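Data file: protein-v2.cif. Format and content: mmCIF, C-alpha atoms and all ligand atoms.
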```
data_run
#
loop_
_atom_site.label_atom_id
_atom_site.label_comp_id
_atom_site.auth_asym_id
_atom_site.auth_seq_id
_atom_site.Cartn_x
_atom_site.Cartn_y
_atom_site.Cartn_z
CA MET M 178 0.00 0.00 0.00
CA ASN M 179 1.20 3.48 -0.85
CA ILE M 180 0.10 6.70 0.83
CA HIS M 181 0.25 10.43 0.08
CA GLU M 182 3.07 12.80 0.95
CA TYR M 183 1.06 14.56 3.67
CA GLN M 184 0.19 11.22 5.32
CA GLY M 185 3.82 10.09 5.25
CA LYS M 186 4.82 13.38 6.85
CA SER M 187 2.28 12.95 9.64
CA ILE M 188 3.82 9.53 10.39
CA LEU M 189 7.33 11.05 10.37
CA LYS M 190 6.21 13.77 12.76
CA SER M 191 4.74 11.21 15.17
CA PHE M 192 8.21 9.59 15.32
CA GLY M 193 9.91 12.89 16.05
CA VAL M 194 11.28 13.54 12.55
CA ALA M 195 11.30 17.24 11.71
CA ILE M 196 9.11 17.98 8.69
CA GLN M 197 8.12 20.87 6.56
CA GLU M 198 4.70 21.71 7.97
CA GLY M 199 1.67 21.96 5.73
CA ILE M 200 -2.13 21.88 5.52
CA VAL M 201 -4.22 19.80 3.11
CA ALA M 202 -6.85 21.52 0.94
CA GLU M 203 -9.47 20.17 -1.43
CA THR M 204 -10.72 23.49 -2.84
CA PRO M 205 -8.99 26.76 -3.80
CA GLU M 206 -10.81 28.48 -0.90
CA GLN M 207 -9.46 25.95 1.59
CA ALA M 208 -6.03 26.51 0.05
CA VAL M 209 -6.27 30.25 0.75
CA ASP M 210 -7.37 29.62 4.34
CA ALA M 211 -4.46 27.24 4.77
CA ALA M 212 -2.02 29.84 3.45
CA LYS M 213 -3.42 32.43 5.89
CA GLU M 214 -2.95 30.03 8.77
CA LEU M 215 0.65 29.31 7.75
CA LYS M 216 1.34 33.04 7.46
CA VAL M 217 0.25 33.62 11.05
CA LYS M 218 2.49 30.77 12.20
CA TYR M 219 5.61 31.41 10.13
CA ASN M 220 5.33 35.07 9.21
CA SER M 221 5.93 34.62 5.47
CA ASP M 222 3.61 35.16 2.50
CA TRP M 223 5.32 32.59 0.35
CA VAL M 224 3.88 29.10 0.24
CA VAL M 225 4.29 26.08 -2.01
CA VAL M 226 1.19 24.37 -3.48
CA LYS M 227 1.81 20.65 -3.94
CA ALA M 228 -0.38 18.12 -5.78
CA GLN M 229 -1.07 15.00 -3.70
CA ILE M 230 -0.95 11.90 -5.91
CA HIS M 231 0.66 8.49 -5.49
CA ALA M 232 3.58 9.21 -7.81
CA GLY M 233 6.84 11.06 -7.59
CA GLY M 234 8.26 13.56 -10.05
CA ARG M 235 5.40 15.98 -9.38
CA GLY M 236 7.76 18.95 -9.53
CA LYS M 237 8.78 18.05 -13.07
CA GLY M 238 5.15 17.58 -14.12
CA GLY M 239 4.05 21.01 -12.89
CA GLY M 240 2.40 19.79 -9.70
CA VAL M 241 4.58 21.79 -7.27
CA LYS M 242 4.19 25.58 -7.55
CA LEU M 243 5.40 28.55 -5.55
CA ALA M 244 2.78 31.19 -4.64
CA LYS M 245 3.94 34.58 -3.37
CA ASN M 246 0.60 35.95 -2.17
CA LEU M 247 -2.97 34.84 -1.49
CA ASP M 248 -4.17 35.59 -5.05
CA GLU M 249 -1.46 33.36 -6.41
CA VAL M 250 -2.36 30.64 -3.91
CA LYS M 251 -5.91 30.68 -5.23
CA GLU M 252 -4.77 30.68 -8.84
CA LYS M 253 -2.20 27.90 -8.47
CA ALA M 254 -4.50 25.72 -6.35
CA SER M 255 -7.31 26.14 -8.95
CA ASN M 256 -4.94 25.10 -11.70
CA ILE M 257 -3.57 22.06 -9.91
CA LEU M 258 -6.81 20.75 -8.34
CA GLY M 259 -8.68 18.72 -10.95
CA MET M 260 -5.75 18.45 -13.33
CA HIS M 261 -4.50 15.14 -14.67
CA LEU M 262 -0.93 15.38 -13.54
CA ILE M 263 1.54 13.59 -15.79
CA THR M 264 4.96 12.84 -14.30
CA PRO M 265 7.79 10.46 -15.22
CA GLN M 266 6.21 8.01 -12.75
CA THR M 267 2.57 8.09 -13.98
CA SER M 268 0.98 6.64 -17.12
CA ALA M 269 0.59 8.86 -20.19
CA THR M 270 -2.91 9.88 -19.04
CA GLY M 271 -1.63 11.04 -15.65
CA LYS M 272 -3.40 11.05 -12.29
CA LEU M 273 -6.34 13.17 -11.22
CA VAL M 274 -5.41 15.59 -8.43
CA SER M 275 -8.11 15.98 -5.78
CA LYS M 276 -6.00 17.31 -2.90
CA VAL M 277 -3.16 19.79 -2.56
CA LEU M 278 -0.78 20.32 0.33
CA ILE M 279 -0.10 23.95 1.18
CA THR M 280 3.34 24.18 2.80
CA GLN M 281 5.66 26.86 4.06
CA ASP M 282 8.19 27.88 1.46
CA VAL M 283 11.80 27.40 2.44
CA TYR M 284 13.28 29.69 -0.18
CA TYR M 285 11.60 32.88 0.99
CA PRO M 286 13.34 36.12 0.00
CA GLY M 287 16.43 36.75 2.07
CA ALA M 288 16.88 33.14 3.17
CA SER M 289 20.50 32.03 3.19
CA PRO M 290 21.62 29.19 0.95
CA THR M 291 20.25 25.80 1.85
CA LYS M 292 21.14 22.29 0.75
CA GLU M 293 18.99 19.39 -0.53
CA PHE M 294 19.97 15.79 0.26
CA TYR M 295 18.47 12.46 -0.74
CA MET M 296 17.66 9.73 1.78
CA SER M 297 15.65 6.53 1.73
CA VAL M 298 15.31 3.41 3.80
CA LEU M 299 14.32 0.28 1.95
CA LEU M 300 14.48 -3.48 2.08
CA ASP M 301 17.30 -4.76 -0.14
CA ARG M 302 15.89 -8.19 -0.99
CA SER M 303 19.12 -9.47 -2.53
CA LYS M 304 20.91 -8.85 0.77
CA GLY M 305 17.94 -9.56 3.00
CA ARG M 306 18.67 -6.36 4.89
CA ASN M 307 17.24 -2.93 5.40
CA THR M 308 19.47 -0.38 3.74
CA ILE M 309 19.77 3.39 4.03
CA ILE M 310 20.55 5.01 0.70
CA TYR M 311 21.65 8.64 0.74
CA SER M 312 23.31 11.29 -1.35
CA THR M 313 24.49 14.87 -1.22
CA GLU M 314 22.79 15.39 -4.59
CA GLY M 315 19.13 15.42 -3.49
CA GLY M 316 16.24 17.09 -5.25
CA MET M 317 14.47 16.41 -8.47
CA ASP M 318 17.26 14.77 -10.46
CA ILE M 319 18.20 11.83 -8.27
CA GLU M 320 17.54 9.33 -11.10
CA HIS M 321 20.02 11.25 -13.22
CA VAL M 322 22.58 11.15 -10.39
CA ALA M 323 22.10 7.39 -9.95
CA GLU M 324 22.65 6.79 -13.64
CA HIS M 325 25.56 9.13 -14.37
CA THR M 326 27.42 9.55 -11.07
CA PRO M 327 26.59 6.46 -8.99
CA GLU M 328 29.64 7.15 -6.80
CA LYS M 329 27.69 10.04 -5.28
CA ILE M 330 25.15 7.62 -3.84
CA TRP M 331 26.02 5.92 -0.54
CA LYS M 332 24.55 2.83 1.04
CA GLU M 333 24.48 1.78 4.66
CA GLU M 334 23.34 -1.76 5.43
CA ILE M 335 21.63 -2.44 8.73
CA ASP M 336 22.34 -5.69 10.57
CA PRO M 337 18.91 -6.98 11.67
CA ARG M 338 20.38 -8.48 14.85
CA VAL M 339 21.43 -5.11 16.29
CA GLY M 340 19.49 -2.53 14.26
CA LEU M 341 20.82 0.87 13.25
CA GLN M 342 23.93 1.68 15.30
CA ALA M 343 24.87 5.17 16.50
CA PHE M 344 28.17 5.07 14.59
CA GLN M 345 26.26 4.41 11.35
CA ALA M 346 24.05 7.48 11.84
CA ARG M 347 27.21 9.55 12.50
CA LYS M 348 28.91 8.11 9.41
CA ILE M 349 25.95 9.18 7.29
CA ALA M 350 26.00 12.73 8.67
CA PHE M 351 29.75 12.86 8.10
CA ASN M 352 29.54 11.59 4.49
CA LEU M 353 26.93 14.25 3.80
CA GLY M 354 29.59 16.81 4.69
CA LEU M 355 27.86 18.18 7.77
CA SER M 356 29.38 19.60 10.93
CA GLY M 357 28.32 21.35 14.11
CA ASN M 358 24.63 21.58 14.83
CA ALA M 359 23.60 20.33 11.38
CA PHE M 360 25.61 17.16 12.05
CA LYS M 361 23.77 16.52 15.32
CA GLU M 362 20.42 17.24 13.68
CA MET M 363 21.17 14.79 10.87
CA VAL M 364 22.10 12.03 13.33
CA LYS M 365 18.73 12.59 15.03
CA PHE M 366 16.95 12.69 11.68
CA VAL M 367 18.41 9.39 10.44
CA THR M 368 17.77 7.64 13.75
CA SER M 369 14.11 8.72 13.92
CA LEU M 370 13.51 8.01 10.24
CA TYR M 371 14.84 4.47 10.63
CA LYS M 372 12.70 3.95 13.72
CA ALA M 373 9.62 5.10 11.77
CA TYR M 374 10.45 2.77 8.87
CA GLU M 375 10.85 -0.25 11.13
CA SER M 376 7.89 0.43 13.39
CA ILE M 377 5.31 0.82 10.63
CA ASP M 378 6.49 -2.27 8.65
CA ALA M 379 7.34 -0.19 5.59
CA SER M 380 9.22 -1.55 2.61
CA LEU M 381 10.22 1.95 1.49
CA PHE M 382 10.47 5.32 3.23
CA GLU M 383 11.96 7.88 0.88
CA ILE M 384 12.64 11.54 1.68
CA ASN M 385 13.71 13.60 -1.28
CA PRO M 386 14.67 16.28 -0.58
CA VAL M 387 15.92 16.23 2.98
CA LEU M 388 16.63 19.90 3.54
CA LYS M 389 19.34 21.59 5.56
CA THR M 390 17.88 25.01 6.36
CA SER M 391 19.88 28.20 6.68
CA ASP M 392 19.73 27.85 10.47
CA ASP M 393 21.12 24.29 10.36
CA LYS M 394 17.89 22.41 10.88
CA ILE M 395 17.34 19.15 8.99
CA ILE M 396 13.78 18.66 7.75
CA ALA M 397 11.76 16.37 5.45
CA VAL M 398 10.32 18.38 2.55
CA ASP M 399 8.82 15.40 0.70
CA SER M 400 7.90 11.85 1.69
CA LYS M 401 7.08 8.64 -0.11
CA VAL M 402 6.01 5.53 1.78
CA SER M 403 5.23 1.97 0.71
CA PHE M 404 3.89 -0.39 3.34
CA ASP M 405 4.58 -4.11 3.32
CA ASP M 406 1.01 -5.36 2.76
CA ASN M 407 1.69 -8.49 4.78
CA GLY M 408 2.36 -6.35 7.86
CA LEU M 409 -0.65 -4.08 7.44
CA PHE M 410 -2.94 -6.12 9.68
CA ARG M 411 -0.78 -4.95 12.58
CA HIS M 412 -1.49 -1.31 11.75
CA PRO M 413 -5.24 -0.69 11.38
CA ASP M 414 -4.67 3.06 11.83
CA TYR M 415 -2.34 3.24 8.86
CA GLU M 416 -4.59 1.02 6.80
CA LYS M 417 -7.21 3.77 7.11
CA MET M 418 -4.86 5.98 5.09
CA ARG M 419 -5.51 3.87 2.00
CA ASP M 420 -6.82 5.98 -0.91
CA ILE M 421 -8.51 3.57 -3.31
CA THR M 422 -9.05 6.29 -5.91
CA GLU M 423 -5.28 6.07 -6.47
CA GLU M 424 -5.32 2.31 -7.03
CA ASP M 425 -6.11 0.18 -10.08
CA PRO M 426 -9.81 -0.90 -9.84
CA ILE M 427 -8.90 -4.51 -10.70
CA ASP M 428 -6.40 -4.61 -7.81
CA VAL M 429 -9.02 -3.21 -5.44
CA GLU M 430 -11.55 -5.85 -6.52
CA ALA M 431 -9.00 -8.65 -6.14
CA ARG M 432 -8.02 -7.45 -2.67
CA ASN M 433 -11.66 -7.27 -1.57
CA ALA M 434 -12.10 -10.86 -2.76
CA GLU M 435 -8.90 -11.76 -0.87
CA LEU M 436 -7.26 -13.01 -4.05
CA ASN M 437 -3.56 -12.63 -4.59
CA TYR M 438 -3.58 -11.05 -8.06
CA VAL M 439 -0.87 -9.30 -10.06
CA LYS M 440 -1.65 -8.12 -13.57
CA LEU M 441 0.94 -8.86 -16.27
CA ASP M 442 1.12 -8.07 -19.98
CA GLY M 443 0.49 -11.47 -21.62
CA ASN M 444 -2.45 -13.25 -23.25
CA VAL M 445 -3.05 -16.35 -21.10
CA GLY M 446 -4.85 -15.80 -17.82
CA CYS M 447 -4.22 -18.28 -15.02
CA MET M 448 -5.90 -19.32 -11.82
CA VAL M 449 -3.84 -21.42 -9.44
CA ASN M 450 -3.80 -22.44 -5.79
CA GLY M 451 -0.49 -21.71 -4.10
CA ALA M 452 2.19 -19.21 -5.06
CA GLY M 453 4.80 -21.83 -6.01
CA LEU M 454 2.42 -23.65 -8.33
CA ALA M 455 1.38 -20.27 -9.78
CA MET M 456 5.01 -19.52 -10.66
CA ALA M 457 5.41 -22.96 -12.26
CA THR M 458 2.18 -22.42 -14.20
CA MET M 459 3.45 -19.14 -15.56
CA ASP M 460 6.57 -21.00 -16.73
CA ILE M 461 4.48 -23.65 -18.47
CA ILE M 462 2.42 -20.97 -20.19
CA LYS M 463 5.61 -19.48 -21.63
CA LEU M 464 6.79 -22.93 -22.63
CA SER M 465 3.56 -23.49 -24.52
CA GLY M 466 4.13 -20.35 -26.57
CA GLY M 467 1.87 -17.99 -24.63
CA GLU M 468 2.61 -15.17 -22.20
CA PRO M 469 1.05 -15.07 -18.73
CA ALA M 470 -1.57 -12.29 -18.39
CA ASN M 471 -1.49 -12.43 -14.62
CA PHE M 472 -0.38 -14.13 -11.45
CA LEU M 473 -3.34 -15.31 -9.41
CA ASP M 474 -3.24 -17.42 -6.28
CA VAL M 475 -6.79 -18.32 -5.20
CA GLY M 476 -5.49 -19.78 -1.97
CA GLY M 477 -6.50 -22.95 -0.20
CA THR M 478 -10.26 -22.54 -0.33
CA ALA M 479 -11.06 -22.68 -4.03
CA ASN M 480 -14.86 -22.85 -3.74
CA ALA M 481 -17.38 -21.88 -6.44
CA GLU M 482 -17.68 -18.31 -5.19
CA ARG M 483 -13.95 -17.65 -5.22
CA VAL M 484 -13.52 -19.34 -8.57
CA GLU M 485 -16.24 -17.13 -10.05
CA LYS M 486 -14.68 -13.96 -8.61
CA ALA M 487 -11.32 -15.00 -9.99
CA PHE M 488 -12.77 -15.63 -13.46
CA ARG M 489 -14.43 -12.21 -13.43
CA ILE M 490 -11.18 -10.49 -12.48
CA ILE M 491 -9.12 -12.34 -15.09
CA LEU M 492 -11.67 -11.58 -17.80
CA LYS M 493 -11.57 -7.82 -17.11
CA ASP M 494 -8.24 -7.89 -18.93
CA LYS M 495 -9.07 -7.63 -22.61
CA ASN M 496 -5.75 -9.18 -23.67
CA VAL M 497 -6.72 -12.56 -22.26
CA LYS M 498 -7.16 -15.12 -25.06
CA ALA M 499 -7.29 -18.29 -22.94
CA ILE M 500 -7.45 -19.21 -19.26
CA LEU M 501 -5.50 -21.99 -17.64
CA VAL M 502 -6.83 -23.23 -14.32
CA ASN M 503 -4.27 -25.30 -12.46
CA ILE M 504 -5.37 -26.59 -9.08
CA PHE M 505 -3.75 -29.15 -6.88
CA GLY M 506 -6.34 -30.83 -4.70
CA GLY M 507 -4.54 -31.54 -1.48
CA ILE M 508 -6.93 -30.45 1.23
CA VAL M 509 -9.55 -29.22 -1.22
CA ARG M 510 -11.13 -32.00 -3.32
CA CYS M 511 -10.81 -31.71 -7.12
CA ASP M 512 -14.43 -32.63 -7.82
CA ARG M 513 -15.53 -29.72 -5.61
CA VAL M 514 -13.34 -27.31 -7.55
CA ALA M 515 -14.59 -28.75 -10.84
CA GLN M 516 -18.17 -28.24 -9.71
CA GLY M 517 -17.20 -24.68 -8.74
CA ILE M 518 -15.83 -24.05 -12.21
CA VAL M 519 -18.94 -25.45 -13.90
CA ASP M 520 -21.21 -23.37 -11.65
CA ALA M 521 -19.18 -20.21 -12.13
CA TYR M 522 -19.21 -20.72 -15.89
CA LYS M 523 -22.99 -21.12 -15.92
CA ASN M 524 -23.50 -18.10 -13.63
CA MET M 525 -21.38 -15.85 -15.80
CA GLY M 526 -23.27 -16.58 -19.01
CA THR M 527 -21.00 -16.79 -21.99
CA ILE M 528 -17.24 -16.76 -21.64
CA HIS M 529 -15.65 -16.15 -25.01
CA VAL M 530 -12.20 -17.52 -24.35
CA PRO M 531 -11.33 -21.20 -24.01
CA ILE M 532 -10.73 -22.49 -20.50
CA ILE M 533 -8.25 -25.27 -19.88
CA VAL M 534 -8.56 -26.93 -16.53
CA ARG M 535 -5.92 -29.09 -14.97
CA LEU M 536 -6.93 -30.67 -11.69
CA GLN M 537 -4.58 -33.02 -9.92
CA GLY M 538 -4.81 -34.70 -6.55
CA THR M 539 -7.76 -36.03 -4.55
CA ASN M 540 -10.62 -37.10 -6.86
CA ALA M 541 -8.90 -35.80 -10.00
CA GLU M 542 -10.50 -38.46 -12.24
CA LEU M 543 -13.94 -37.64 -10.95
CA ALA M 544 -13.29 -33.95 -11.55
CA LYS M 545 -12.26 -34.57 -15.15
CA LYS M 546 -15.42 -36.58 -15.71
CA LEU M 547 -17.55 -33.76 -14.27
CA ILE M 548 -16.02 -31.22 -16.60
CA ASP M 549 -16.06 -33.43 -19.69
CA GLU M 550 -19.73 -34.23 -19.13
CA SER M 551 -20.80 -30.66 -18.34
CA GLY M 552 -21.25 -29.84 -22.01
CA LEU M 553 -19.37 -26.55 -21.54
CA LYS M 554 -16.49 -25.28 -23.62
CA VAL M 555 -14.01 -26.25 -20.93
CA TYR M 556 -11.05 -28.49 -21.73
CA SER M 557 -9.70 -30.71 -19.04
CA ALA M 558 -6.29 -32.22 -18.50
CA ILE M 559 -4.65 -34.13 -15.69
CA GLU M 560 -0.98 -33.99 -16.61
CA PHE M 561 0.88 -30.67 -16.68
CA HIS M 562 2.20 -31.21 -20.24
CA GLU M 563 -1.29 -32.07 -21.52
CA ALA M 564 -2.49 -28.72 -20.21
CA ALA M 565 0.41 -26.93 -21.89
CA ASP M 566 -0.27 -28.66 -25.22
CA LEU M 567 -3.93 -27.65 -24.98
CA VAL M 568 -3.01 -24.02 -24.33
CA ASN M 569 -0.72 -24.08 -27.34
CA LYS M 570 -3.33 -25.68 -29.60
CA LEU M 571 -6.12 -23.34 -28.54
CA LEU M 572 -3.99 -20.21 -28.85
CA LYS M 573 -3.17 -21.20 -32.42
CA ALA M 574 -6.81 -21.98 -33.21
CA ASN M 575 -8.01 -18.57 -31.93
P1 LIG E 1 8.38 15.49 -6.25
O1 LIG E 1 9.48 14.67 -5.69
O2 LIG E 1 7.12 14.69 -6.47
O3 LIG E 1 8.79 16.26 -7.47
P2 LIG E 1 8.84 17.35 -4.07
O4 LIG E 1 8.02 17.49 -2.86
O5 LIG E 1 10.17 16.70 -3.90
O6 LIG E 1 7.95 16.57 -5.15
O7 LIG E 1 9.01 18.77 -4.73
C1 LIG E 1 9.83 19.00 -5.85
C2 LIG E 1 10.85 20.09 -5.57
O8 LIG E 1 10.18 21.29 -5.24
C3 LIG E 1 11.76 19.78 -4.40
O9 LIG E 1 12.92 19.10 -4.80
C4 LIG E 1 12.09 21.15 -3.84
O10 LIG E 1 13.21 21.69 -4.51
C5 LIG E 1 10.89 21.99 -4.23
N1 LIG E 1 10.01 22.18 -3.05
C6 LIG E 1 9.09 21.30 -2.60
N2 LIG E 1 8.46 21.76 -1.51
C7 LIG E 1 9.01 22.96 -1.26
C8 LIG E 1 8.82 23.96 -0.28
N3 LIG E 1 7.89 23.82 0.67
N4 LIG E 1 9.57 25.07 -0.33
C9 LIG E 1 10.46 25.23 -1.30
N5 LIG E 1 10.70 24.34 -2.25
C10 LIG E 1 10.01 23.22 -2.25
MG MG E 2 10.64 14.67 -4.11
#
```
What does this structure look like when you write it as structure tokens?
Ligand code: ADP
Ligand code: MG
Amino acid sequence: MNIHEYQGKSILKSFGVAIQEGIVAETPEQAVDAAKELKVKYNSDWVVVKAQIHAGGRGKGGGVKLAKNLDEVKEKASNILGMHLITPQTSATGKLVSKVLITQDVYYPGASPTKEFYMSVLLDRSKGRNTIIYSTEGGMDIEHVAEHTPEKIWKEEIDPRVGLQAFQARKIAFNLGLSGNAFKEMVKFVTSLYKAYESIDASLFEINPVLKTSDDKIIAVDSKVSFDDNGLFRHPDYEKMRDITEEDPIDVEARNAELNYVKLDGNVGCMVNGAGLAMATMDIIKLSGGEPANFLDVGGTANAERVEKAFRIILKDKNVKAILVNIFGGIVRCDRVAQGIVDAYKNMGTIHVPIIVRLQGTNAELAKKLIDESGLKVYSAIEFHEAADLVNKLLKAN
């Protein structure tokens, strides 16, 4: 699950990380009120209006604008709210902006030079460790830095047995070229950021830019958070931050049905029980000359209702030319699943793509009989290679 910048900042604040304060607005009028409130607090007319969408690169796409007075706040907020913001991280159609964050501006007239750093904490799966990645070259061009001057990007691995050590936080502050009060502030910043990342079960907590202000404070100007979905049940409060308008409708439907679904770009849909078997099924689809259109693990309880939901989700993808159902009946009996498939098929009316069903395990023969005698356009197989041959044949015929 991903959340918005303003939500990530509220989490940071609750862990004692210094942030750039701001107020969320959904209309230009609310934006003006927010700017007035900030002016009272910080005694500056300048604010930054920031589009809140689940994608980075908003600055480059025109979703982060400076406003120097209340009229400009109204104008910029009107322009940004309701726009389809296109950034390097969105699709070509962009994302609809329905909220803006009004924040204090850090580059008000007369401010002394400041510095933007990059920092993120993420799980490095190849190492099996949380890693802090940081750079002196923060701001909007971090991708460019990573590609052209990778030596300017540092990594600090965290040993899970002891967690982040004080010397590591000091090393980071030192490598960022800080001294004096800014050094101490950075040590505090890194320590609290890491604590936040660990406590909320995040898989990514990225702050770009981390800003050193003219008076040597270190603050988070932006935030990007991805939660590990498997840890979300431990955090009902954070789960409430979910914004389904930002998510793909098919993903939302699959999650509501408690199906483990990942859309891919191929032409053969698949429905499998168990993640390992699902991976093997995707391999067999490739071997048969097709490309998997999705990963879908229906889990241990493949009853008629779940099977029907899964069919509906797979068929929303217009690229699907055939569906391969591959179920191993260990605890669940194959004849039950077969009956579920027949029922789902009948309930859904006409399905225009061929369905190949491979059921193996308890009562597999009975299941095959049920499907063969159902009179539906469903092809059954017991052996894996038979299923693959069928997929191949049917793809060619269609
Ligand atoms: P994104 O990463 O989606 O482009 P950011 O929040 O990082 O969005 O904003 C882009 C850039 O705009 C930042 O790198 C920073 O230079 C500038 N910026 C963002 N917020 C402020 C602010 N409150 N005051 C001054 N500059 C800002
Ligand atoms: Mg940013």
Exercise. Within 10 Å of (7.5, 12.0, -17.3), only C-alpha atoms: residues as a ChimeraX atom specification?
Worked result: /M:233-235,237-238,262-269,271
Write out, as a tab-separated table, each residue of chain M that has an atom at most 6 Å from ligand LIG 1 (chain E), together with the closest pair of atoms and their distance in Å to one decimal, counting only C-alpha atoms and all ligand atoms, rows going by chain and rising number.
```
residue	atom	partner	partner_atom	distance
M:Val225	CA	E:LIG1	N3	5.0
M:Gly233	CA	E:LIG1	O2	3.8
M:Gly234	CA	E:LIG1	O3	3.8
M:Arg235	CA	E:LIG1	O2	3.6
M:Gly236	CA	E:LIG1	O3	3.5
M:Lys237	CA	E:LIG1	O3	5.9
M:Val241	CA	E:LIG1	O7	5.9
M:Thr280	CA	E:LIG1	N3	5.0
M:Gln281	CA	E:LIG1	N3	5.1
M:Asp282	CA	E:LIG1	N4	3.6
M:Val283	CA	E:LIG1	N4	4.3
M:Tyr284	CA	E:LIG1	C9	5.4
M:Gly316	CA	E:LIG1	O9	3.9
M:Met317	CA	E:LIG1	O9	4.8
M:Asn385	CA	E:LIG1	O5	5.4
M:Pro386	CA	E:LIG1	O9	5.4
M:Val398	CA	E:LIG1	N2	5.6
M:Asp399	CA	E:LIG1	O4	4.2
```
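With CA of Ser369 in chain M on one side and CA of Glu324 in chain M on the other, the separation reads 28.9 Å.
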Do you know which residues are at most 12 Å from Asn524 in chain M counting all atoms listed in the file, after dropping those on the same chain fewer than 3 positions away, and could you put them as an MDAnalysis selection string?
chainID M and resid 481:482 484:486 488:489 517:521 527:528
Would you mind listing what lies within 9 Å of Asp566 in chain M as a list of chain:residue names, with only C-alpha atoms counted and same-chain residues fewer than 5 positions away left out? M:Ser465, M:Phe561, M:Leu571
Restrict the selected residues to C-alpha atoms and save them as a PDB file, in the frame of the given file.
```pdb
ATOM      1  CA  SER M 465       3.560 -23.490 -24.520  1.00  0.00           C
ATOM      2  CA  PHE M 561       0.880 -30.670 -16.680  1.00  0.00           C
ATOM      3  CA  LEU M 571      -6.120 -23.340 -28.540  1.00  0.00           C
TER       4      LEU M 571
END
```
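Distances from M:Gly239, M:Gly552, M:Gly446, M:Gly315 to ligand MG 2 (chain E) were compared using all atoms listed in the file, and the smallest one belongs to M:Gly315.
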Around range 501-518 of chain M, fit a box with edges along x, y and z, padding it by 8 Å on each side, then list its centre and edge lengths in Å to one decimal as lines of an AutoDock Vina configuration file.
```
center_x = -11.0
center_y = -27.3
center_z = -8.2
size_x = 30.4
size_y = 26.6
size_z = 34.9
```
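Residues in contact range of range 360-366 of chain M, defined as at most 7 Å between only C-alpha atoms, with sequence neighbours fewer than 6 positions away removed, read Val194, Ala346, Arg347, Ala350, Lys394 and Ile395 of chain M.
With distances taken from (-16.0, -10.7, -3.7) and restricted to all atoms listed in the file, the residues inside 9 Å are Glu430, Ala431, Arg432, Asn433, Ala434, Glu435, Glu482, Arg483, Lys486 and Ala487 of chain M.
You can rank M:Met456, M:Ile377, M:Leu388, M:Leu189 by their closest distance to ligand MG 2 (chain E) using all atoms listed in the file, and at the top of that list sits M:Leu388.
Distances from M:Glu249, M:Asp222, M:Glu333, M:Glu383 to ligand MG 2 (chain E) were compared using all atoms listed in the file, and the smallest one belongs to M:Glu383.
The shortest atom-to-atom distance to ligand MG 2 (chain E), with all atoms listed in the file taken into account, belongs to M:Ser297 out of M:Asn569, M:Gln516, M:Asn220, M:Ser297.
Checking M:Lys251, M:Lys213, M:Lys372, M:Lys227 one by one against Ser191 in chain M, counting all atoms listed in the file, you find the shortest gap at M:Lys372.
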Contacts of Ser187 in chain M at 10 Å or less, counting all atoms listed in the file, minus same-chain residues fewer than 3 places along, as a PDB file with C-alpha atoms, in the coordinates of the input?
```
ATOM      1  CA  GLU M 182       3.070  12.800   0.950  1.00  0.00           C
ATOM      2  CA  TYR M 183       1.060  14.560   3.670  1.00  0.00           C
ATOM      3  CA  GLN M 184       0.190  11.220   5.320  1.00  0.00           C
ATOM      4  CA  LYS M 190       6.210  13.770  12.760  1.00  0.00           C
ATOM      5  CA  SER M 191       4.740  11.210  15.170  1.00  0.00           C
ATOM      6  CA  PHE M 192       8.210   9.590  15.320  1.00  0.00           C
ATOM      7  CA  GLY M 193       9.910  12.890  16.050  1.00  0.00           C
ATOM      8  CA  VAL M 194      11.280  13.540  12.550  1.00  0.00           C
ATOM      9  CA  ILE M 196       9.110  17.980   8.690  1.00  0.00           C
ATOM     10  CA  GLU M 198       4.700  21.710   7.970  1.00  0.00           C
ATOM     11  CA  GLY M 199       1.670  21.960   5.730  1.00  0.00           C
ATOM     12  CA  SER M 400       7.900  11.850   1.690  1.00  0.00           C
TER      13      SER M 400
END
```
The distance between CA of Ser557 in chain M and CA of Ile532 in chain M is 8.4 Å
A straight line from CA of Asn358 in chain M to CA of Ser391 in chain M spans 11.5 Å
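For the residues M:Leu243, M:Met459, M:Val217, M:Leu258, ranking by smallest atom-to-atom distance to Pro205 in chain M using all atoms listed in the file places M:Leu258 first.
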